[in-house]
Structure formats: C-alpha cells, structure tokens
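Have a look at the structure below, then the notes.
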Amino acid sequence: MTGGSPASLWEPTPGGALTIPGILDAQVAERPDQSLLVIDDVPLSYRALQERSISAANVLVGLGIEPGDRVALFMGTSPEWVTVWFGLCRLGAVAVPINTAYRGDFLANQLRDSSTKMIALDRSLADRVFSIAADVPSLRTVLLREDGKAPAENGGGTPPPQVQVHAIEQLLEGRSSLLEVTPDLPPFPVGAIFSTSGTTGRSKGVLATQHYLLAAAQSMVDLWRLQPAEVVHGPLPLFHLSAVGTVLGPMLAGGTGILDSTFSVSATWDRVRRYEASGIALAGAMLSMLWNLPPDEHDKDVPLRFISAAPVPKESFEAMEERWQCRIVTCYGMSEAFPLAVAGVDATNRVGASGRPNPNFDVMLFDPEDRPVPVGEVGEIVCRPRRSHVMFEGYDGRERETVEQFRNLWFHTGDMGRFDEDGFLYFADRKKDAMRRRGENISSFEVEQALLRHPAVAEVAAVGVPSELGEDEVMVYLVAGSVEPIDMEAFMDFCCENLPYFAVPRYVEVTSELPKNAVGRILKHELRARGIPASAWDRESTGYTVRR
C-alpha cells in the first residue's frame, strides 16, 4: 500500500468488498469537518456529505427505489450530483451517469438500454428528457434541479403523464443520522453504469462495481502519492469514469477535491493557486489548451506537484514539466479496465509512453490469432485482472458481447500498442472505429444512424481525422440521395439538433460512392488514409458555431 491513505481503508478482508459509503463513513470518524469536495466554491465536508447521502437514501426509498434499480444522473457537476450518487450507493441502487450533451436517440438509447426508473436532471436539460420520455417505458420519476440556466426550449418542456416530477431538494428532507432500511446488497454491488462507445452498434453500458471504482481511484492516489489534506483540482465532468478520481481519490486519501462545473482555460491557474492544489486532473485536450496560452512569468509559481492527463503530446511533454515545474502523470485505460498502464510522480517514464502495466492487471499484446507479439512490434492490447473485481463486471444486458470481448480469457481492448524492451507501453492506434474528441468518446455508428435521418443523405460514414489539439476531429463522408446539392449550413443545423455538440462533424465531404468490400461493408481504413481532402467543407473555416 502506497500513497498516504490509511491501509485499513483500502485493503479489504479476504473476499470482502469495499463500498463507497463504507470509505466515507470511516473517513468521517477521522476528519468530519474537513472539506471533502468544493464544487464551484461551495464546500462539502466529509460529515455533510455523509448526512446528505443518508437523507437522500431514505427519501429515495420512499420514492420507490430499491437495490439494483437504475437512476440516471443528467446534471452538470454539482453537490446534488454527488449527493444522489452516494445516496444510491447506500441503497445498492445503480447510478447511470449521462453526458449532458446527449439528446435525441443518444439520450433515449442510454435511458432505455439501462432500464432507467428515475432520472435526476437540470431544469435546462428537462426538455430533452421530456421529449423522448415516451420512448423510455421504464422511466417513472424525475428529480428536478433548478440550475439557474434558461431552459433550451419550451420553458423546460412538459413531462408525460406517467412521469412524476419532484424537486431535488426533497432529498435533503429525510432522516440524516440513520439509514431507515437495511438493503439486501449483493457481495459486490454495482455503483455505476458508464457508457462506452459502440463501433458496430449502439454504445454499451459498463457495469462498474463500487469496489472497482475505488480500486481505480486508489490507483490514481498511488500514482499521485496523494497525502491527507492535499488538494486535487478537477474540472472534468462527473459523467466520465476518469473524473471519479477527483471525488473518490481524495476521499480515500483524506484529501480534498476541487470540482468545477465548467472548464475555463483562462481561469485554471488562478483556481489552482487559490486552493493551493497539489495536482490537477485533465483530459489531454485540456492540457493542450493550457499549453497554448502565452507563456507567463508566473507559470513556475503554480503550487502543483503533478498534472495528471492523457494523452500528452510527446513533442511538448518535457517542456510542459519545465514550464510548470511539476511532474506529468500519465496512464492508459478505458471504462472497462482503468488504469491498465501507469507512470506516477516518482516513476521514470519514457516520453511518448503511457507507463508500465498497473500491478492489478496482466497486460499483453496479441496478433489477430491471439498470439503474443515480439517486443517492439504492434499488437492489440489485452488484459486480465490479477485481483478480484478491479475491472468491470460486463456489459449491461449484453452477455454475448461481454463473452466475445473476453476471447480466450483475455479482455480485448480494441486498441493497438507496443512494448519496449523495458516494459513501457506505447499506445499506437485504435483498432475500432470509435472516435475520441477532446476527452469525449464518440460512437461512429450512432453518428451515422442520426445523420441517415437527414432527407438528403443516402449513405454516410463517420471517421476520425487528426486534430491540432490531439485526439480526433469528426469527419463525415456523405452520399447524397438526390441531385440537389446539400446546403451545408442547414445540414449543420440538423447535426446540432440531433447530435451532442462534441459529435457534430467538423469536416464534411460529399462523394458519389463509399469504398466497400465484397460484402458491402464500408472500408473506413481507406477513408482514414485519405486524411482531410482539400475539397472537404470545414465548419471552423466558414465560421459556423456549434450550438450547445
């Protein structure tokens, strides 16, 4: 055990599961009045979150929530988000975090596939839920949070008759000193279902136990060497698994997480200085944005020990450490198994590498026949756990796909990488067609299905092309369904209405046909190999603004 958090909190008894409420309650006994979280400058002490979560659990029981029930969280980062999540964990109910950019089929699919019974949502997002609620027969209850933002449409919309609406403040009206029921929990209760990008179908729900989430958070604590009372700044949205490190990580270490509902490039370093943060957790694109700020004489004055981010451009890795006088912590992983490769603050990492395998996992590289590849050669990254319940439990309702992903008893990530002679892992490419833009995973299949509903589109293929900020930009190839030219601005308006903002294509190329194999499958590797054609329409160069 390393990292400064008490061993008694993390190390379970043989065969025993750790739970999020169990860790919180143990820490309340040690540091009740210390801030566990500060969300948009609103502090929540360890004891306050304990009381809020107990009250929420008691009220949720009264609203019909039982162990195993699914409750969606469709809110921006807020005290209510964490309160609902921790309350659900006390009951053995399951949180379904949903990206706040989702709308239309993206949103309906996730709610329907998870059999969501209740949803906690912001008033400004209510119209999106109410407009598709009829397509989610399991949905019965809404907890509405007044987020102070203007509703996007129709004053927030009107719920269908079968859906009851309650103010989310009602969760704080329950008994806060004692859980009034004793839920019958499974040995390793699921704490959340995170969405992962689909390639040949819809996005899949990743079943993450509370134990797995705590294991992932403890791995980050160890990488950061986070000590009691230290502060970590986290402007990542809470609907990403990577953001749990800034909630559960500080809780495990006895520290404090500073959470922001929005990421501000210009204000980030002022926030870090204000709270004397020892570290900051970012998506790779966020770090690139900060790097692009003009150099400042105060850059070396930031109090950071570490910046935790991935991917980090290898060309500027060492210069970033010099500019901000701290270590850059990198890792590689996914919702199903996080993290798989790590390089902590006191580790010597190779520039461009993700680190060495996490001790919780065996990690290997396989060829298409599931044979190990030699050192230095590229293969598919595969893994298996070395400890129980330190990765996901399977895809929700997708038993066949779960078994297929664990081919030959190894979980196949769909990513390609290589090992060097010293055991450092280098990410090479994505085997799958999923895209990643500025920290957001995007299913090419879901983008294509949404755009096929446009009356002028006969065929579509979505691919990722390189972004100047790292990761991908979304490009779509369209085959028109009529001789009339496609009005690009009108097409972009359609995209904004039917896609999350981050999935709206930047580049559009209209073509007469798409390359296909003998059975009619689109050859996306050929499209990716084309790069960005000079004839492609670029919304950024035209000044088109994507609506959020």
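Just so we're on the same page: first chain in the structure tokens is A, next is B, and so on; residues restart at 1 for each chain, and ligands are numbered from 1 in the order they show up.
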
Fill in: Selection: 12 Å around segment 491-501 of chain A, only C-alpha atoms, excl. self and same-chain fewer than 2 positions, as an NGL selection string
:A and (98-108 or 128 or 152-153 or 437-438 or 440-444 or 446-457 or 474 or 476 or 478 or 480 or 485-489 or 503-508 or 510 or 537-540 or 542-548)

Worksheet item: Can you list, as a VMD selection string, every residue of segment 250-317 of chain A that DSSP puts in strand (DSSP E or B)?
Response: chain A and resid 256 to 259 279 to 281 306 to 308

Practice prompt. Please provide the set of residues having any atom within 9 Å of segment 113-120 of chain A, restricted to only C-alpha atoms, with same-chain residues fewer than 2 positions apart removed, written as a ChimeraX atom specification.
Written response: /A:65,69-75,80-81,84,96,108-111,122,129,136-145,168,193,204-205,396-397

Worksheet item: Where does DSSP see helix (DSSP H, G or I) in segment 270-460 of chain A, if you list the residues as a ChimeraX atom specification?
Response: /A:270-274,284-291,299-301,317-324,399-405,407-409,444-451

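Nearest residue to Glu169 of chain A, choosing from A:His211, A:Ala56, A:Ala229, A:Ala192 and counting only C-alpha atoms: A:Ala56.
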
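Across A:Ser35, A:Thr246, A:Asn358, A:Ser53, the tightest approach to Leu425 of chain A is made by A:Asn358 when counting only C-alpha atoms.
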
Worksheet item: Which residues come within 8 Å of Arg387 of chain A, counting only C-alpha atoms, excluding same-chain residues fewer than 3 positions away, as number ranges by chain?
Response: A: 360-361, 390

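Around Val244 of chain A, within 9 Å and counting only C-alpha atoms, the residues found are A:Leu213, A:Leu214, A:Ala216, A:Ala217, A:Leu238, A:Phe239, A:His240, A:Leu241, A:Val247, A:Leu248, A:Gly249, once anything fewer than 3 positions away on its own chain is removed.
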
Convert the current residue selection to file output with N, CA, C and O atoms, as a short mmCIF file (atom, residue, chain, number, x, y, z; two decimals), in the first residue's frame.
data_model
loop_
_atom_site.label_atom_id
_atom_site.label_comp_id
_atom_site.auth_asym_id
_atom_site.auth_seq_id
_atom_site.Cartn_x
_atom_site.Cartn_y
_atom_site.Cartn_z
N LEU A 213 -14.59 0.89 -8.77
CA LEU A 213 -14.39 2.34 -8.80
C LEU A 213 -13.38 2.78 -7.75
O LEU A 213 -12.53 3.66 -8.00
N LEU A 214 -13.44 2.17 -6.58
CA LEU A 214 -12.48 2.51 -5.53
C LEU A 214 -11.09 2.00 -5.88
O LEU A 214 -10.08 2.66 -5.58
N ALA A 216 -9.87 1.74 -8.93
CA ALA A 216 -9.36 2.68 -9.92
C ALA A 216 -8.91 3.98 -9.26
O ALA A 216 -7.85 4.53 -9.59
N ALA A 217 -9.71 4.47 -8.31
CA ALA A 217 -9.36 5.71 -7.62
C ALA A 217 -8.09 5.52 -6.80
O ALA A 217 -7.23 6.41 -6.74
N LEU A 238 -18.38 14.96 -14.27
CA LEU A 238 -18.50 13.76 -13.44
C LEU A 238 -19.09 12.57 -14.18
O LEU A 238 -19.04 11.44 -13.68
N PHE A 239 -19.64 12.78 -15.38
CA PHE A 239 -20.20 11.63 -16.10
C PHE A 239 -19.13 10.78 -16.75
O PHE A 239 -19.42 9.74 -17.35
N HIS A 240 -17.86 11.18 -16.66
CA HIS A 240 -16.75 10.36 -17.14
C HIS A 240 -16.15 9.56 -15.99
O HIS A 240 -15.94 10.09 -14.89
N LEU A 241 -15.82 8.31 -16.24
CA LEU A 241 -15.20 7.50 -15.19
C LEU A 241 -13.89 8.11 -14.71
O LEU A 241 -13.56 8.04 -13.54
N VAL A 247 -13.07 12.65 -6.97
CA VAL A 247 -14.04 12.50 -5.88
C VAL A 247 -13.60 11.38 -4.95
O VAL A 247 -13.35 11.59 -3.75
N LEU A 248 -13.48 10.18 -5.50
CA LEU A 248 -13.12 9.02 -4.68
C LEU A 248 -11.65 9.03 -4.29
O LEU A 248 -11.30 8.54 -3.21
N GLY A 249 -10.78 9.58 -5.15
CA GLY A 249 -9.36 9.64 -4.82
C GLY A 249 -9.10 10.45 -3.56
O GLY A 249 -8.51 9.95 -2.59
#

Item to complete: Just the residues within 12 Å of Glu173 of chain A, please, counting only C-alpha atoms, with nothing from its chain fewer than 4 positions along; format it as a list in words.
Response: Glu51, Arg52, Ser53, Ile54, Ser55, Ala56, Ala57, Asn58, Val59, Leu60, Gly62, Ala167, Ile168, Glu169 and Ser177 of chain A

Atoms kept (C-alpha atoms) for selection, written as a PDB file, in the first residue's frame:
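Wrote it out as result-v2.pdb, contents follow:
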ATOM      1  CA  GLU A  51     -25.555  13.251   6.193  1.00  0.00           C
ATOM      2  CA  ARG A  52     -26.739  14.320   2.745  1.00  0.00           C
ATOM      3  CA  SER A  53     -26.259  10.822   1.325  1.00  0.00           C
ATOM      4  CA  ILE A  54     -28.115   9.152   4.221  1.00  0.00           C
ATOM      5  CA  SER A  55     -31.009  11.597   3.886  1.00  0.00           C
ATOM      6  CA  ALA A  56     -31.090  11.072   0.117  1.00  0.00           C
ATOM      7  CA  ALA A  57     -31.115   7.284   0.541  1.00  0.00           C
ATOM      8  CA  ASN A  58     -34.061   7.446   2.931  1.00  0.00           C
ATOM      9  CA  VAL A  59     -36.040   9.711   0.590  1.00  0.00           C
ATOM     10  CA  LEU A  60     -35.203   7.569  -2.444  1.00  0.00           C
ATOM     11  CA  GLY A  62     -39.834   6.457  -0.132  1.00  0.00           C
ATOM     12  CA  ALA A 167     -37.823  18.930  -6.611  1.00  0.00           C
ATOM     13  CA  ILE A 168     -34.366  17.501  -5.977  1.00  0.00           C
ATOM     14  CA  GLU A 169     -34.182  19.493  -2.713  1.00  0.00           C
ATOM     15  CA  SER A 177     -28.464  10.259  11.058  1.00  0.00           C
TER      16      SER A 177
END

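Comparing the minimum interatomic distances between Gly355 of chain A and each of A:Gly64, A:Gly423, A:Gly376, A:Gly414, counting only C-alpha atoms, we find that A:Gly423 sits nearest.
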
Practice prompt. Determine the nearest neighbour of Leu226 of chain A from the options A:Arg305, A:Lys524, A:Arg384, A:Arg356, counting only C-alpha atoms.
Written response: A:Arg305

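The spacing separating atom CA of Leu63 of chain A from atom CA of Leu44 of chain A amounts to 25.1 Å.
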
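Between atom CA of Ser261 of chain A and atom CA of Pro294 of chain A there is a distance of 24.6 Å.
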
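With only C-alpha atoms as the atoms that count, the residue of A:Arg273, A:Lys431, A:Arg398, A:Lys149 with the shortest distance to Val206 of chain A is A:Arg398.
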
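Here the question is which of A:Glu484, A:Glu393, A:Glu369, A:Asp270 gets nearest to Tyr212 of chain A using only C-alpha atoms, and that residue is A:Glu393.
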
Discussion item. With only C-alpha atoms as the counted atoms, please give the residues lying no more than 12 Å from Tyr395 of chain A, apart from itself and same-chain residues fewer than 4 positions off, as a PyMOL selection string.
Written reply: chain A and resi 113-114+190+192-198+202-208+335-336+391+399-406

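When atom CA of Gly417 of chain A is paired with atom CA of Leu365 of chain A, their separation reads 7.1 Å.
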